[in-house]
$ cat structure-v9.pdb   # PDB, C-alpha atoms
MODEL        1
ATOM      1  CA  MET A   1     -24.579 -74.845 109.862
ATOM      2  CA  THR A   2     -25.829 -75.042 113.466
ATOM      3  CA  ASP A   3     -29.570 -75.185 114.006
ATOM      4  CA  HIS A   4     -30.378 -72.229 116.304
ATOM      5  CA  ARG A   5     -33.610 -73.920 117.419
ATOM      6  CA  THR A   6     -31.612 -76.940 118.623
ATOM      7  CA  ASP A   7     -29.199 -74.599 120.434
ATOM      8  CA  ASP A   8     -32.133 -72.830 122.142
ATOM      9  CA  ILE A   9     -33.689 -76.125 123.281
ATOM     10  CA  ALA A  10     -30.327 -77.166 124.746
ATOM     11  CA  ALA A  11     -30.052 -73.758 126.457
ATOM     12  CA  VAL A  12     -33.555 -74.176 127.962
ATOM     13  CA  ARG A  13     -32.550 -77.601 129.284
ATOM     14  CA  ASN A  14     -29.337 -76.182 130.777
ATOM     15  CA  LEU A  15     -31.273 -73.324 132.385
ATOM     16  CA  HIS A  16     -33.743 -75.792 133.925
ATOM     17  CA  ASP A  17     -30.792 -77.732 135.415
ATOM     18  CA  SER A  18     -29.163 -74.504 136.697
ATOM     19  CA  TYR A  19     -32.475 -73.441 138.267
ATOM     20  CA  SER A  20     -32.669 -76.729 140.185
ATOM     21  CA  ARG A  21     -29.082 -76.261 141.428
ATOM     22  CA  ILE A  22     -29.745 -72.654 142.479
ATOM     23  CA  LYS A  23     -32.856 -73.665 144.452
ATOM     24  CA  ALA A  24     -30.866 -76.451 146.159
ATOM     25  CA  GLU A  25     -28.124 -73.978 147.148
ATOM     26  CA  ILE A  26     -30.626 -71.399 148.459
ATOM     27  CA  ALA A  27     -32.319 -74.148 150.521
ATOM     28  CA  LYS A  28     -29.046 -74.562 152.479
ATOM     29  CA  VAL A  29     -29.642 -71.104 153.979
ATOM     30  CA  ILE A  30     -33.321 -70.228 153.429
ATOM     31  CA  ILE A  31     -36.047 -72.576 154.639
ATOM     32  CA  GLY A  32     -39.321 -72.453 152.681
ATOM     33  CA  GLN A  33     -40.311 -69.314 150.698
ATOM     34  CA  ASP A  34     -40.359 -71.331 147.436
ATOM     35  CA  ALA A  35     -42.799 -68.953 145.707
ATOM     36  CA  VAL A  36     -40.688 -65.907 146.679
ATOM     37  CA  ILE A  37     -37.501 -67.543 145.338
ATOM     38  CA  GLU A  38     -39.225 -68.501 142.074
ATOM     39  CA  GLN A  39     -40.517 -64.949 141.544
ATOM     40  CA  LEU A  40     -37.091 -63.442 142.335
ATOM     41  CA  LEU A  41     -35.320 -65.598 139.752
ATOM     42  CA  ILE A  42     -38.052 -65.006 137.153
ATOM     43  CA  ALA A  43     -37.632 -61.223 137.566
ATOM     44  CA  LEU A  44     -33.832 -61.488 137.296
ATOM     45  CA  LEU A  45     -33.960 -63.429 134.023
ATOM     46  CA  ALA A  46     -36.694 -61.122 132.657
ATOM     47  CA  ARG A  47     -34.498 -58.048 133.432
ATOM     48  CA  GLY A  48     -37.002 -56.846 136.025
ATOM     49  CA  HIS A  49     -36.740 -55.413 139.542
ATOM     50  CA  CYS A  50     -38.527 -56.622 142.677
ATOM     51  CA  LEU A  51     -40.158 -55.003 145.698
ATOM     52  CA  LEU A  52     -40.327 -57.438 148.628
ATOM     53  CA  VAL A  53     -42.965 -56.567 151.205
ATOM     54  CA  GLY A  54     -42.968 -58.332 154.559
ATOM     55  CA  VAL A  55     -42.691 -57.787 158.302
ATOM     56  CA  PRO A  56     -39.185 -57.767 159.874
ATOM     57  CA  GLY A  57     -37.478 -61.066 160.604
ATOM     58  CA  LEU A  58     -38.621 -63.035 157.539
ATOM     59  CA  ALA A  59     -35.075 -63.255 156.062
ATOM     60  CA  LYS A  60     -35.730 -60.891 153.113
ATOM     61  CA  THR A  61     -32.226 -59.391 153.293
ATOM     62  CA  LEU A  62     -30.608 -62.804 153.893
ATOM     63  CA  LEU A  63     -32.408 -64.255 150.871
ATOM     64  CA  ILE A  64     -31.180 -61.461 148.589
ATOM     65  CA  SER A  65     -27.546 -61.688 149.751
ATOM     66  CA  THR A  66     -27.692 -65.507 149.414
ATOM     67  CA  VAL A  67     -28.958 -65.230 145.820
ATOM     68  CA  SER A  68     -26.137 -62.796 144.947
ATOM     69  CA  GLN A  69     -23.515 -65.194 146.365
ATOM     70  CA  ILE A  70     -24.871 -68.180 144.433
ATOM     71  CA  LEU A  71     -25.098 -66.174 141.198
ATOM     72  CA  ASP A  72     -21.515 -64.897 141.524
ATOM     73  CA  LEU A  73     -22.570 -61.272 141.111
ATOM     74  CA  LYS A  74     -21.375 -58.036 142.690
ATOM     75  CA  PHE A  75     -23.729 -57.249 145.572
ATOM     76  CA  SER A  76     -24.358 -53.877 147.182
ATOM     77  CA  ARG A  77     -26.628 -53.026 150.125
ATOM     78  CA  ILE A  78     -28.046 -49.538 150.728
ATOM     79  CA  GLN A  79     -29.815 -48.930 154.025
ATOM     80  CA  PHE A  80     -32.431 -46.278 153.261
ATOM     81  CA  THR A  81     -32.793 -43.701 156.051
ATOM     82  CA  PRO A  82     -34.477 -40.240 156.227
ATOM     83  CA  ASP A  83     -31.102 -38.441 155.904
ATOM     84  CA  LEU A  84     -29.877 -40.432 152.865
ATOM     85  CA  MET A  85     -28.928 -38.173 149.932
ATOM     86  CA  PRO A  86     -29.160 -39.007 146.188
ATOM     87  CA  SER A  87     -25.346 -38.829 145.923
ATOM     88  CA  ASP A  88     -25.110 -41.513 148.623
ATOM     89  CA  ILE A  89     -26.701 -43.857 146.053
ATOM     90  CA  THR A  90     -25.303 -42.715 142.712
ATOM     91  CA  GLY A  91     -21.888 -41.406 143.778
ATOM     92  CA  SER A  92     -20.354 -37.927 143.740
ATOM     93  CA  ASP A  93     -17.523 -35.805 142.342
ATOM     94  CA  ILE A  94     -14.527 -35.199 144.599
ATOM     95  CA  ILE A  95     -11.600 -32.821 144.086
ATOM     96  CA  GLU A  96      -8.404 -34.754 143.341
ATOM     97  CA  GLU A  97      -4.891 -33.412 142.874
ATOM     98  CA  ASP A  98      -2.645 -34.827 140.139
ATOM     99  CA  ARG A  99       0.673 -35.472 141.889
ATOM    100  CA  THR A 100       2.757 -35.088 138.719
ATOM    101  CA  THR A 101       1.299 -31.756 137.514
ATOM    102  CA  GLY A 102      -0.066 -30.384 140.777
ATOM    103  CA  ARG A 103      -3.365 -29.592 139.040
ATOM    104  CA  ARG A 104      -6.676 -30.185 140.720
ATOM    105  CA  GLY A 105      -9.693 -31.661 139.038
ATOM    106  CA  PHE A 106     -12.925 -33.463 139.734
ATOM    107  CA  LYS A 107     -13.083 -37.231 139.838
ATOM    108  CA  PHE A 108     -16.344 -39.198 139.992
ATOM    109  CA  VAL A 109     -16.441 -41.758 142.790
ATOM    110  CA  LYS A 110     -19.047 -44.414 142.023
ATOM    111  CA  GLY A 111     -21.754 -45.044 144.611
ATOM    112  CA  PRO A 112     -23.244 -48.368 145.734
ATOM    113  CA  VAL A 113     -25.693 -48.419 142.791
ATOM    114  CA  PHE A 114     -22.756 -49.578 140.646
ATOM    115  CA  ALA A 115     -23.271 -53.282 141.331
ATOM    116  CA  ASN A 116     -25.129 -56.198 139.715
ATOM    117  CA  ILE A 117     -27.602 -56.733 142.563
ATOM    118  CA  VAL A 118     -28.550 -53.662 144.602
ATOM    119  CA  LEU A 119     -30.487 -54.203 147.820
ATOM    120  CA  ALA A 120     -32.499 -51.086 148.685
ATOM    121  CA  ASP A 121     -33.321 -51.952 152.291
ATOM    122  CA  GLU A 122     -36.490 -50.284 153.662
ATOM    123  CA  ILE A 123     -36.798 -48.093 150.569
ATOM    124  CA  ASN A 124     -39.824 -46.222 151.941
ATOM    125  CA  ARG A 125     -37.805 -44.729 154.825
ATOM    126  CA  THR A 126     -36.143 -42.107 152.619
ATOM    127  CA  PRO A 127     -37.723 -38.993 151.018
ATOM    128  CA  PRO A 128     -38.981 -39.102 147.395
ATOM    129  CA  LYS A 129     -36.002 -37.035 146.139
ATOM    130  CA  THR A 130     -33.631 -39.813 147.187
ATOM    131  CA  GLN A 131     -35.990 -42.585 146.055
ATOM    132  CA  ALA A 132     -35.969 -40.906 142.627
ATOM    133  CA  ALA A 133     -32.177 -41.326 142.421
ATOM    134  CA  LEU A 134     -32.887 -44.982 141.668
ATOM    135  CA  LEU A 135     -35.421 -44.190 138.903
ATOM    136  CA  GLN A 136     -32.940 -43.548 136.082
ATOM    137  CA  ALA A 137     -30.744 -46.441 137.166
ATOM    138  CA  MET A 138     -33.687 -48.867 137.201
ATOM    139  CA  GLN A 139     -35.118 -47.774 133.856
ATOM    140  CA  GLU A 140     -32.090 -46.759 131.774
ATOM    141  CA  HIS A 141     -29.363 -48.799 133.546
ATOM    142  CA  GLU A 142     -27.240 -45.669 133.747
ATOM    143  CA  VAL A 143     -26.467 -42.803 136.130
ATOM    144  CA  THR A 144     -26.034 -39.111 135.269
ATOM    145  CA  ALA A 145     -23.888 -36.963 137.571
ATOM    146  CA  ALA A 146     -22.505 -33.463 136.871
ATOM    147  CA  GLY A 147     -23.529 -33.734 133.202
ATOM    148  CA  GLN A 148     -21.739 -37.058 132.668
ATOM    149  CA  THR A 149     -23.557 -40.351 132.030
ATOM    150  CA  TYR A 150     -22.125 -43.576 133.387
ATOM    151  CA  LYS A 151     -23.338 -47.015 132.259
ATOM    152  CA  LEU A 152     -24.099 -49.595 134.944
ATOM    153  CA  ASP A 153     -22.679 -53.105 134.755
ATOM    154  CA  GLU A 154     -24.996 -55.807 133.397
ATOM    155  CA  PRO A 155     -26.936 -57.643 134.657
ATOM    156  CA  PHE A 156     -28.446 -54.936 136.864
ATOM    157  CA  PHE A 157     -31.141 -55.879 139.326
ATOM    158  CA  VAL A 158     -32.701 -53.749 142.101
ATOM    159  CA  LEU A 159     -34.325 -55.557 145.023
ATOM    160  CA  ALA A 160     -36.102 -53.278 147.463
ATOM    161  CA  THR A 161     -37.618 -54.263 150.800
ATOM    162  CA  GLN A 162     -40.505 -52.593 152.593
ATOM    163  CA  ASN A 163     -42.142 -53.123 155.976
ATOM    164  CA  PRO A 164     -45.958 -53.063 155.501
ATOM    165  CA  ILE A 165     -46.948 -52.407 159.115
ATOM    166  CA  GLU A 166     -44.761 -49.585 160.415
ATOM    167  CA  GLN A 167     -45.882 -46.410 158.638
ATOM    168  CA  GLU A 168     -44.497 -43.776 161.016
ATOM    169  CA  GLY A 169     -41.491 -42.006 159.504
ATOM    170  CA  THR A 170     -42.025 -43.529 156.053
ATOM    171  CA  TYR A 171     -42.598 -41.993 152.615
ATOM    172  CA  PRO A 172     -44.958 -43.918 150.288
ATOM    173  CA  LEU A 173     -43.310 -44.798 146.981
ATOM    174  CA  PRO A 174     -44.575 -42.607 144.090
ATOM    175  CA  GLU A 175     -46.573 -44.414 141.382
ATOM    176  CA  ALA A 176     -43.775 -43.819 138.839
ATOM    177  CA  GLN A 177     -41.290 -45.519 141.165
ATOM    178  CA  LEU A 178     -43.659 -48.427 141.888
ATOM    179  CA  ASP A 179     -44.209 -48.976 138.162
ATOM    180  CA  ARG A 180     -40.455 -49.602 137.717
ATOM    181  CA  PHE A 181     -40.772 -52.783 139.787
ATOM    182  CA  MET A 182     -41.729 -55.816 137.733
ATOM    183  CA  PHE A 183     -42.955 -57.759 140.783
ATOM    184  CA  ASN A 184     -44.352 -56.798 144.154
ATOM    185  CA  ILE A 185     -43.595 -59.934 146.183
ATOM    186  CA  TYR A 186     -45.352 -60.548 149.482
ATOM    187  CA  VAL A 187     -43.138 -62.443 151.937
ATOM    188  CA  ASP A 188     -45.437 -64.316 154.313
ATOM    189  CA  TYR A 189     -44.809 -66.039 157.643
ATOM    190  CA  PRO A 190     -43.365 -69.572 157.412
ATOM    191  CA  SER A 191     -45.466 -72.648 158.180
ATOM    192  CA  ARG A 192     -45.189 -74.200 161.655
ATOM    193  CA  SER A 193     -42.842 -76.997 160.517
ATOM    194  CA  GLU A 194     -40.677 -74.497 158.580
ATOM    195  CA  GLU A 195     -40.514 -72.189 161.594
ATOM    196  CA  GLU A 196     -39.414 -75.059 163.845
ATOM    197  CA  GLU A 197     -36.685 -75.924 161.312
ATOM    198  CA  ILE A 198     -35.601 -72.258 161.116
ATOM    199  CA  VAL A 199     -35.246 -72.036 164.904
ATOM    200  CA  MET A 200     -33.385 -75.373 165.017
ATOM    201  CA  THR A 201     -30.872 -74.520 162.282
ATOM    202  CA  THR A 202     -30.235 -70.876 163.187
ATOM    203  CA  THR A 203     -29.460 -71.701 166.825
ATOM    204  CA  ALA A 204     -26.914 -74.393 165.893
ATOM    205  CA  ALA A 205     -23.379 -73.991 164.540
ATOM    206  CA  PRO A 206     -23.425 -72.635 160.941
ATOM    207  CA  THR A 207     -22.385 -75.266 158.376
ATOM    208  CA  ALA A 208     -23.726 -74.043 154.999
ATOM    209  CA  SER A 209     -21.157 -73.562 152.265
ATOM    210  CA  LEU A 210     -22.567 -72.084 149.055
ATOM    211  CA  SER A 211     -21.428 -72.976 145.521
ATOM    212  CA  LYS A 212     -21.480 -70.525 142.622
ATOM    213  CA  SER A 213     -24.007 -71.512 139.960
ATOM    214  CA  LEU A 214     -24.204 -68.762 137.321
ATOM    215  CA  GLY A 215     -21.954 -65.813 136.435
ATOM    216  CA  ALA A 216     -22.812 -62.429 134.909
ATOM    217  CA  ALA A 217     -22.065 -63.480 131.289
ATOM    218  CA  GLU A 218     -24.245 -66.617 131.584
ATOM    219  CA  ILE A 219     -27.124 -64.611 133.087
ATOM    220  CA  ILE A 220     -26.983 -62.056 130.235
ATOM    221  CA  THR A 221     -27.115 -64.948 127.714
ATOM    222  CA  LEU A 222     -30.145 -66.413 129.504
ATOM    223  CA  GLN A 223     -31.843 -62.986 129.662
ATOM    224  CA  ASN A 224     -31.443 -62.769 125.869
ATOM    225  CA  LEU A 225     -32.806 -66.322 125.527
ATOM    226  CA  VAL A 226     -36.010 -65.321 127.380
ATOM    227  CA  ARG A 227     -36.717 -62.688 124.708
ATOM    228  CA  THR A 228     -36.572 -65.329 121.941
ATOM    229  CA  VAL A 229     -39.180 -67.629 123.561
ATOM    230  CA  PRO A 230     -42.219 -67.764 121.223
ATOM    231  CA  VAL A 231     -45.570 -66.685 122.631
ATOM    232  CA  SER A 232     -49.007 -67.088 121.035
ATOM    233  CA  ASP A 233     -51.260 -64.184 120.034
ATOM    234  CA  HIS A 234     -53.935 -65.753 122.254
ATOM    235  CA  LEU A 235     -51.651 -65.438 125.314
ATOM    236  CA  VAL A 236     -50.742 -61.810 124.572
ATOM    237  CA  SER A 237     -54.434 -61.004 124.060
ATOM    238  CA  TYR A 238     -55.320 -62.555 127.435
ATOM    239  CA  ALA A 239     -52.596 -60.582 129.261
ATOM    240  CA  VAL A 240     -53.695 -57.318 127.612
ATOM    241  CA  ARG A 241     -57.385 -57.959 128.424
ATOM    242  CA  LEU A 242     -56.489 -58.605 132.076
ATOM    243  CA  VAL A 243     -54.583 -55.307 132.252
ATOM    244  CA  ARG A 244     -57.250 -53.277 130.449
ATOM    245  CA  ALA A 245     -59.923 -54.735 132.755
ATOM    246  CA  THR A 246     -58.206 -53.004 135.728
ATOM    247  CA  ARG A 247     -59.000 -49.545 134.283
ATOM    248  CA  PRO A 248     -62.299 -47.992 135.425
ATOM    249  CA  THR A 249     -62.263 -45.719 132.334
ATOM    250  CA  GLU A 250     -62.609 -48.708 129.966
ATOM    251  CA  PRO A 251     -66.239 -48.918 128.749
ATOM    252  CA  ASP A 252     -66.436 -52.719 129.086
ATOM    253  CA  CYS A 253     -64.618 -53.076 132.432
ATOM    254  CA  PRO A 254     -66.481 -55.004 135.178
ATOM    255  CA  ASP A 255     -68.757 -53.006 137.506
ATOM    256  CA  TYR A 256     -66.707 -53.946 140.578
ATOM    257  CA  ILE A 257     -63.662 -52.294 138.968
ATOM    258  CA  LYS A 258     -65.596 -49.019 138.546
ATOM    259  CA  ASN A 259     -66.605 -49.317 142.179
ATOM    260  CA  TRP A 260     -63.287 -50.378 143.748
ATOM    261  CA  VAL A 261     -60.552 -48.911 141.512
ATOM    262  CA  SER A 262     -59.480 -45.274 141.097
ATOM    263  CA  TRP A 263     -56.618 -45.944 138.707
ATOM    264  CA  GLY A 264     -55.710 -49.084 136.748
ATOM    265  CA  ALA A 265     -52.470 -50.606 135.460
ATOM    266  CA  GLY A 266     -50.530 -49.224 132.487
ATOM    267  CA  PRO A 267     -49.129 -51.048 129.415
ATOM    268  CA  ARG A 268     -45.940 -52.035 131.275
ATOM    269  CA  ALA A 269     -48.039 -54.518 133.283
ATOM    270  CA  GLY A 270     -48.897 -56.491 130.140
ATOM    271  CA  GLN A 271     -45.250 -56.503 129.043
ATOM    272  CA  TYR A 272     -44.128 -57.839 132.401
ATOM    273  CA  MET A 273     -46.847 -60.517 132.546
ATOM    274  CA  VAL A 274     -45.815 -61.908 129.156
ATOM    275  CA  LEU A 275     -42.091 -61.734 130.023
ATOM    276  CA  ALA A 276     -42.738 -63.470 133.346
ATOM    277  CA  ALA A 277     -44.782 -66.166 131.580
ATOM    278  CA  LYS A 278     -41.948 -66.779 129.098
ATOM    279  CA  THR A 279     -39.361 -66.981 131.879
ATOM    280  CA  ARG A 280     -41.428 -69.292 134.081
ATOM    281  CA  ALA A 281     -41.949 -71.639 131.140
ATOM    282  CA  ILE A 282     -38.258 -72.064 130.339
ATOM    283  CA  LEU A 283     -37.308 -72.311 134.029
ATOM    284  CA  ASP A 284     -39.758 -75.208 134.115
ATOM    285  CA  GLY A 285     -38.135 -76.758 131.022
ATOM    286  CA  ARG A 286     -41.045 -75.911 128.665
ATOM    287  CA  PRO A 287     -40.359 -74.265 125.265
ATOM    288  CA  THR A 288     -43.450 -71.978 125.288
ATOM    289  CA  PRO A 289     -45.621 -70.417 128.041
ATOM    290  CA  SER A 290     -49.250 -71.287 128.797
ATOM    291  CA  VAL A 291     -52.224 -69.292 130.124
ATOM    292  CA  GLU A 292     -51.404 -70.666 133.592
ATOM    293  CA  ASP A 293     -48.037 -68.840 133.461
ATOM    294  CA  VAL A 294     -49.804 -65.521 132.810
ATOM    295  CA  ARG A 295     -52.223 -66.214 135.681
ATOM    296  CA  PHE A 296     -49.245 -66.944 137.966
ATOM    297  CA  ALA A 297     -47.704 -63.550 137.110
ATOM    298  CA  ALA A 298     -50.934 -61.554 137.467
ATOM    299  CA  VAL A 299     -50.863 -60.968 141.251
ATOM    300  CA  PRO A 300     -47.180 -59.927 141.668
ATOM    301  CA  VAL A 301     -47.355 -57.754 138.516
ATOM    302  CA  LEU A 302     -50.700 -56.040 139.140
ATOM    303  CA  ARG A 303     -50.987 -55.711 142.928
ATOM    304  CA  HIS A 304     -48.874 -52.505 143.099
ATOM    305  CA  ARG A 305     -50.220 -51.021 139.859
ATOM    306  CA  ILE A 306     -53.861 -50.749 140.933
ATOM    307  CA  VAL A 307     -54.959 -47.776 143.062
ATOM    308  CA  THR A 308     -58.031 -48.667 145.113
ATOM    309  CA  SER A 309     -60.908 -46.255 145.749
ATOM    310  CA  PHE A 310     -62.296 -45.095 149.095
ATOM    311  CA  THR A 311     -65.160 -47.551 148.592
ATOM    312  CA  ALA A 312     -62.739 -50.496 148.372
ATOM    313  CA  GLU A 313     -60.865 -49.338 151.470
ATOM    314  CA  ALA A 314     -64.136 -48.922 153.386
ATOM    315  CA  GLU A 315     -65.176 -52.442 152.385
ATOM    316  CA  GLY A 316     -61.768 -53.904 153.252
ATOM    317  CA  ILE A 317     -61.004 -54.864 149.634
ATOM    318  CA  ASP A 318     -57.286 -54.861 148.747
ATOM    319  CA  THR A 319     -55.584 -55.112 145.348
ATOM    320  CA  ILE A 320     -54.879 -58.851 145.709
ATOM    321  CA  ALA A 321     -58.611 -59.541 146.127
ATOM    322  CA  ILE A 322     -59.326 -57.425 143.038
ATOM    323  CA  VAL A 323     -56.732 -59.272 140.902
ATOM    324  CA  LYS A 324     -58.066 -62.666 142.045
ATOM    325  CA  LYS A 325     -61.604 -61.592 141.121
ATOM    326  CA  LEU A 326     -60.334 -60.467 137.698
ATOM    327  CA  LEU A 327     -58.762 -63.893 137.148
ATOM    328  CA  GLU A 328     -62.175 -65.445 137.849
ATOM    329  CA  THR A 329     -64.190 -63.095 135.619
ATOM    330  CA  VAL A 330     -61.926 -62.229 132.649
ATOM    331  CA  GLY A 331     -62.212 -65.064 130.129
ATOM    332  CA  GLU A 332     -59.170 -66.680 128.513
ATOM    333  CA  LYS A 333     -60.698 -66.174 125.054
TER     334      LYS A 333
ENDMDL
END
$ encode --input "structure-v9.pdb" --output "structure tokens"
Amino acid sequence: MTDHRTDDIAAVRNLHDSYSRIKAEIAKVIIGQDAVIEQLLIALLARGHCLLVGVPGLAKTLLISTVSQILDLKFSRIQFTPDLMPSDITGSDIIEEDRTTGRRGFKFVKGPVFANIVLADEINRTPPKTQAALLQAMQEHEVTAAGQTYKLDEPFFVLATQNPIEQEGTYPLPEAQLDRFMFNIYVDYPSRSEEEEIVMTTTAAPTASLSKSLGAAEIITLQNLVRTVPVSDHLVSYAVRLVRATRPTEPDCPDYIKNWVSWGAGPRAGQYMVLAAKTRAILDGRPTPSVEDVRFAAVPVLRHRIVTSFTAEAEGIDTIAIVKKLLETVGEK
């Protein structure tokens, strides 16, 4: 009889090797952004979705399309605009005539959400009604249209981009929509040497040829493997205490939380921190996660789940500063 533990250790080793290959392939097209790439792949293997926030021109869209090519997955891009309708995302019924009988009937034509990786470009440029069309797909991995429910292909992964500086003509994402995103990833400017390399390579003749690294079936197997990674009670307790410390209604929360926070993170934050910790550990070739893995996940998981108060805004305190202060003050035991 095969030892499942031995099989899992071999699978972790294979995943670590695949991760190294994927990063090498991405580096042919994307220069730098190592932390962003790591968080993207962690979310994918943890069955999460990502919101990438960054100014235009930082290759957010290029990164996402590059990842989909390397992973050999069906990729779909939706450009969110103020006139986009929910049916433009999910699909719609059209009248079709049967040539043999002459009868007319409705046929559902699938929209761009029926893909493995869906890029929701500038998601905050469309009204909440259309943003909500993604809610069911992101949570249930299915779409309901005209009373019929259609399952989405697995793996299913939504990557949304958002410009943080241009607020005119935008619609802030509702809290329920934000909570569906496992990670809120901040895409920063490249370093000077990286920027020089970007300019050099993008103004020369294109030479990059990408190799496929993982297919849909392999990714589903690895997603299932993440769930079997053992995690200590101590680690779960630490993640839960971090999340509960963000809530100003908790009697033992720090005073600065009562002062700076209007609304804290929900239970989903703790789930995502532990899942991210498990995934980061096996991507790194380790069989179990450590406290450091939870700390790594804290900022991208919590930054969009904390609603700051007027006091925090007046003092120039953002959610990242609050999470970093929590990591300093909430003990590991």
$ atom_distance --input "structure-v9.pdb" --atom1 "atom CA of A:His49" --atom2 "atom CA of A:Ala265"
16.9 Å
$ resolve_selection --input "structure-v9.pdb" --expression "the PyMOL selection byres ((chain A and resi 18) around 12)" --output "list in words"
Ala11, Val12, Arg13, Asn14, Leu15, His16, Asp17, Tyr19, Ser20, Arg21, Ile22, Lys23, Ala24, Glu25, Leu41, Ile70, Leu71, Ser211, Lys212, Ser213, Leu214, Gly215, Glu218, Ile219, Leu222, Ile282, Leu283, Asp284 and Gly285 of chain A
$ residues_around --input "structure-v9.pdb" --residues "A:Leu84" --least-positions-apart "5" --cutoff "10 Å" --atoms "only C-alpha atoms" --output "PDB file with C-alpha atoms, keeping the file's coordinate frame"
ATOM      1  CA  ILE A  78     -28.046 -49.538 150.728  1.00  0.00           C
ATOM      2  CA  GLN A  79     -29.815 -48.930 154.025  1.00  0.00           C
ATOM      3  CA  ILE A  89     -26.701 -43.857 146.053  1.00  0.00           C
ATOM      4  CA  ARG A 125     -37.805 -44.729 154.825  1.00  0.00           C
ATOM      5  CA  THR A 126     -36.143 -42.107 152.619  1.00  0.00           C
ATOM      6  CA  PRO A 127     -37.723 -38.993 151.018  1.00  0.00           C
ATOM      7  CA  LYS A 129     -36.002 -37.035 146.139  1.00  0.00           C
ATOM      8  CA  THR A 130     -33.631 -39.813 147.187  1.00  0.00           C
ATOM      9  CA  GLN A 131     -35.990 -42.585 146.055  1.00  0.00           C
TER      10      GLN A 131
END
$ atom_distance --input "structure-v9.pdb" --atom1 "atom CA of A:Gln69" --atom2 "atom CA of A:Asp88"
23.8 Å
$ atom_distance --input "structure-v9.pdb" --atom1 "atom CA of A:Ile185" --atom2 "atom CA of A:Arg247"
22.1 Å
$ residues_around --input "structure-v9.pdb" --residues "stretch 64-68 of chain A" --least-positions-apart "5" --cutoff "12 Å" --atoms "only C-alpha atoms" --output "PyMOL selection string"
chain A and resi 19+21-30+36-38+40-41+44+50-52+58-59+73-77+115-121+155-161+208-216
$ residues_near_point --input "structure-v9.pdb" --point "(-45.5, -71.2, 126.7)" --cutoff "8 Å" --atoms "all atoms listed in the file" --output "list in words"
Val229, Pro230, Val231, Ser232, Ala277, Lys278, Ala281, Arg286, Pro287, Thr288, Pro289, Ser290, Val291 and Asp293 of chain A
$ closest_atom_pairs --input "structure-v9.pdb" --of "stretch 174-291 of chain A" --to "stretch 300-316 of chain A" --cutoff "7 Å" --atoms "all atoms listed in the file" --output "CSV"
residue,atom,partner,partner_atom,distance
A:Leu178,CA,A:His304,CA,6.7
A:Asp179,CA,A:Arg305,CA,6.6
A:Met182,CA,A:Val301,CA,6.0
A:Phe183,CA,A:Pro300,CA,4.8
A:Asn184,CA,A:Pro300,CA,4.9
A:Ile185,CA,A:Pro300,CA,5.8
A:Asn259,CA,A:Thr311,CA,6.8
A:Trp260,CA,A:Ala312,CA,4.7
A:Val261,CA,A:Thr308,CA,4.4
A:Ser262,CA,A:Ser309,CA,5.0
A:Trp263,CA,A:Val307,CA,5.0
A:Gly264,CA,A:Ile306,CA,4.9
A:Ala265,CA,A:Arg305,CA,5.0
A:Ala269,CA,A:Val301,CA,6.2
A:Tyr272,CA,A:Val301,CA,6.9
A:Met273,CA,A:Val301,CA,6.6
$ residues_near_point --input "structure-v9.pdb" --point "(-37.7, -55.1, 153.6)" --cutoff "8 Å" --atoms "only C-alpha atoms" --output "CSV table (one decimal) with C-alpha atoms, keeping the file's coordinate frame"
chain,number,residue,atom,x,y,z
A,52,LEU,CA,-40.3,-57.4,148.6
A,53,VAL,CA,-43.0,-56.6,151.2
A,54,GLY,CA,-43.0,-58.3,154.6
A,55,VAL,CA,-42.7,-57.8,158.3
A,56,PRO,CA,-39.2,-57.8,159.9
A,60,LYS,CA,-35.7,-60.9,153.1
A,61,THR,CA,-32.2,-59.4,153.3
A,121,ASP,CA,-33.3,-52.0,152.3
A,122,GLU,CA,-36.5,-50.3,153.7
A,123,ILE,CA,-36.8,-48.1,150.6
A,160,ALA,CA,-36.1,-53.3,147.5
A,161,THR,CA,-37.6,-54.3,150.8
A,162,GLN,CA,-40.5,-52.6,152.6
A,163,ASN,CA,-42.1,-53.1,156.0
$ closest_residue --input "structure-v9.pdb" --among "A:Ala43, A:Leu63, A:Ile257, A:Ala10" --to "A:Val187" --atoms "all atoms listed in the file"
A:Leu63
$ resolve_selection --input "structure-v9.pdb" --expression "the PyMOL selection byres ((chain A and resi 245) around 12)" --output "MDAnalysis selection string"
chainID A and resid 238:244 246:258 261 263:267 269:270 302 306 322:323 325:327 329:331
$ residues_around --input "structure-v9.pdb" --residues "A:Ile95" --least-positions-apart "4" --cutoff "7 Å" --atoms "all atoms listed in the file" --output "ChimeraX atom specification"
/A:104-107
$ closest_residue --input "structure-v9.pdb" --among "A:Ile220, A:Val143, A:Met138, A:Val236" --to "A:Lys110" --atoms "all atoms listed in the file"
A:Val143
$ axis_aligned_box --input "structure-v9.pdb" --around "stretch 69-77 of chain A" --padding-each-side "3 Å" --output "JSON"
{"center_x": -24.0, "center_y": -60.6, "center_z": 145.6, "size_x": 11.3, "size_y": 21.2, "size_z": 15.0}
$ closest_residue --input "structure-v9.pdb" --among "A:Ala133, A:Leu235, A:Ile42, A:Met200" --to "A:Ser87" --atoms "only C-alpha atoms"
A:Ala133
$ closest_residue --input "structure-v9.pdb" --among "A:Glu97, A:Ala137, A:Ala132, A:Gly48" --to "A:Glu175" --atoms "all atoms listed in the file"
A:Ala132
$ closest_residue --input "structure-v9.pdb" --among "A:Val299, A:Asp83, A:Pro190, A:Ser92" --to "A:Gly147" --atoms "only C-alpha atoms"
A:Ser92
$ closest_residue --input "structure-v9.pdb" --among "A:Gly91, A:Gly102, A:Pro112, A:Pro82" --to "A:Thr170" --atoms "all atoms listed in the file"
A:Pro82
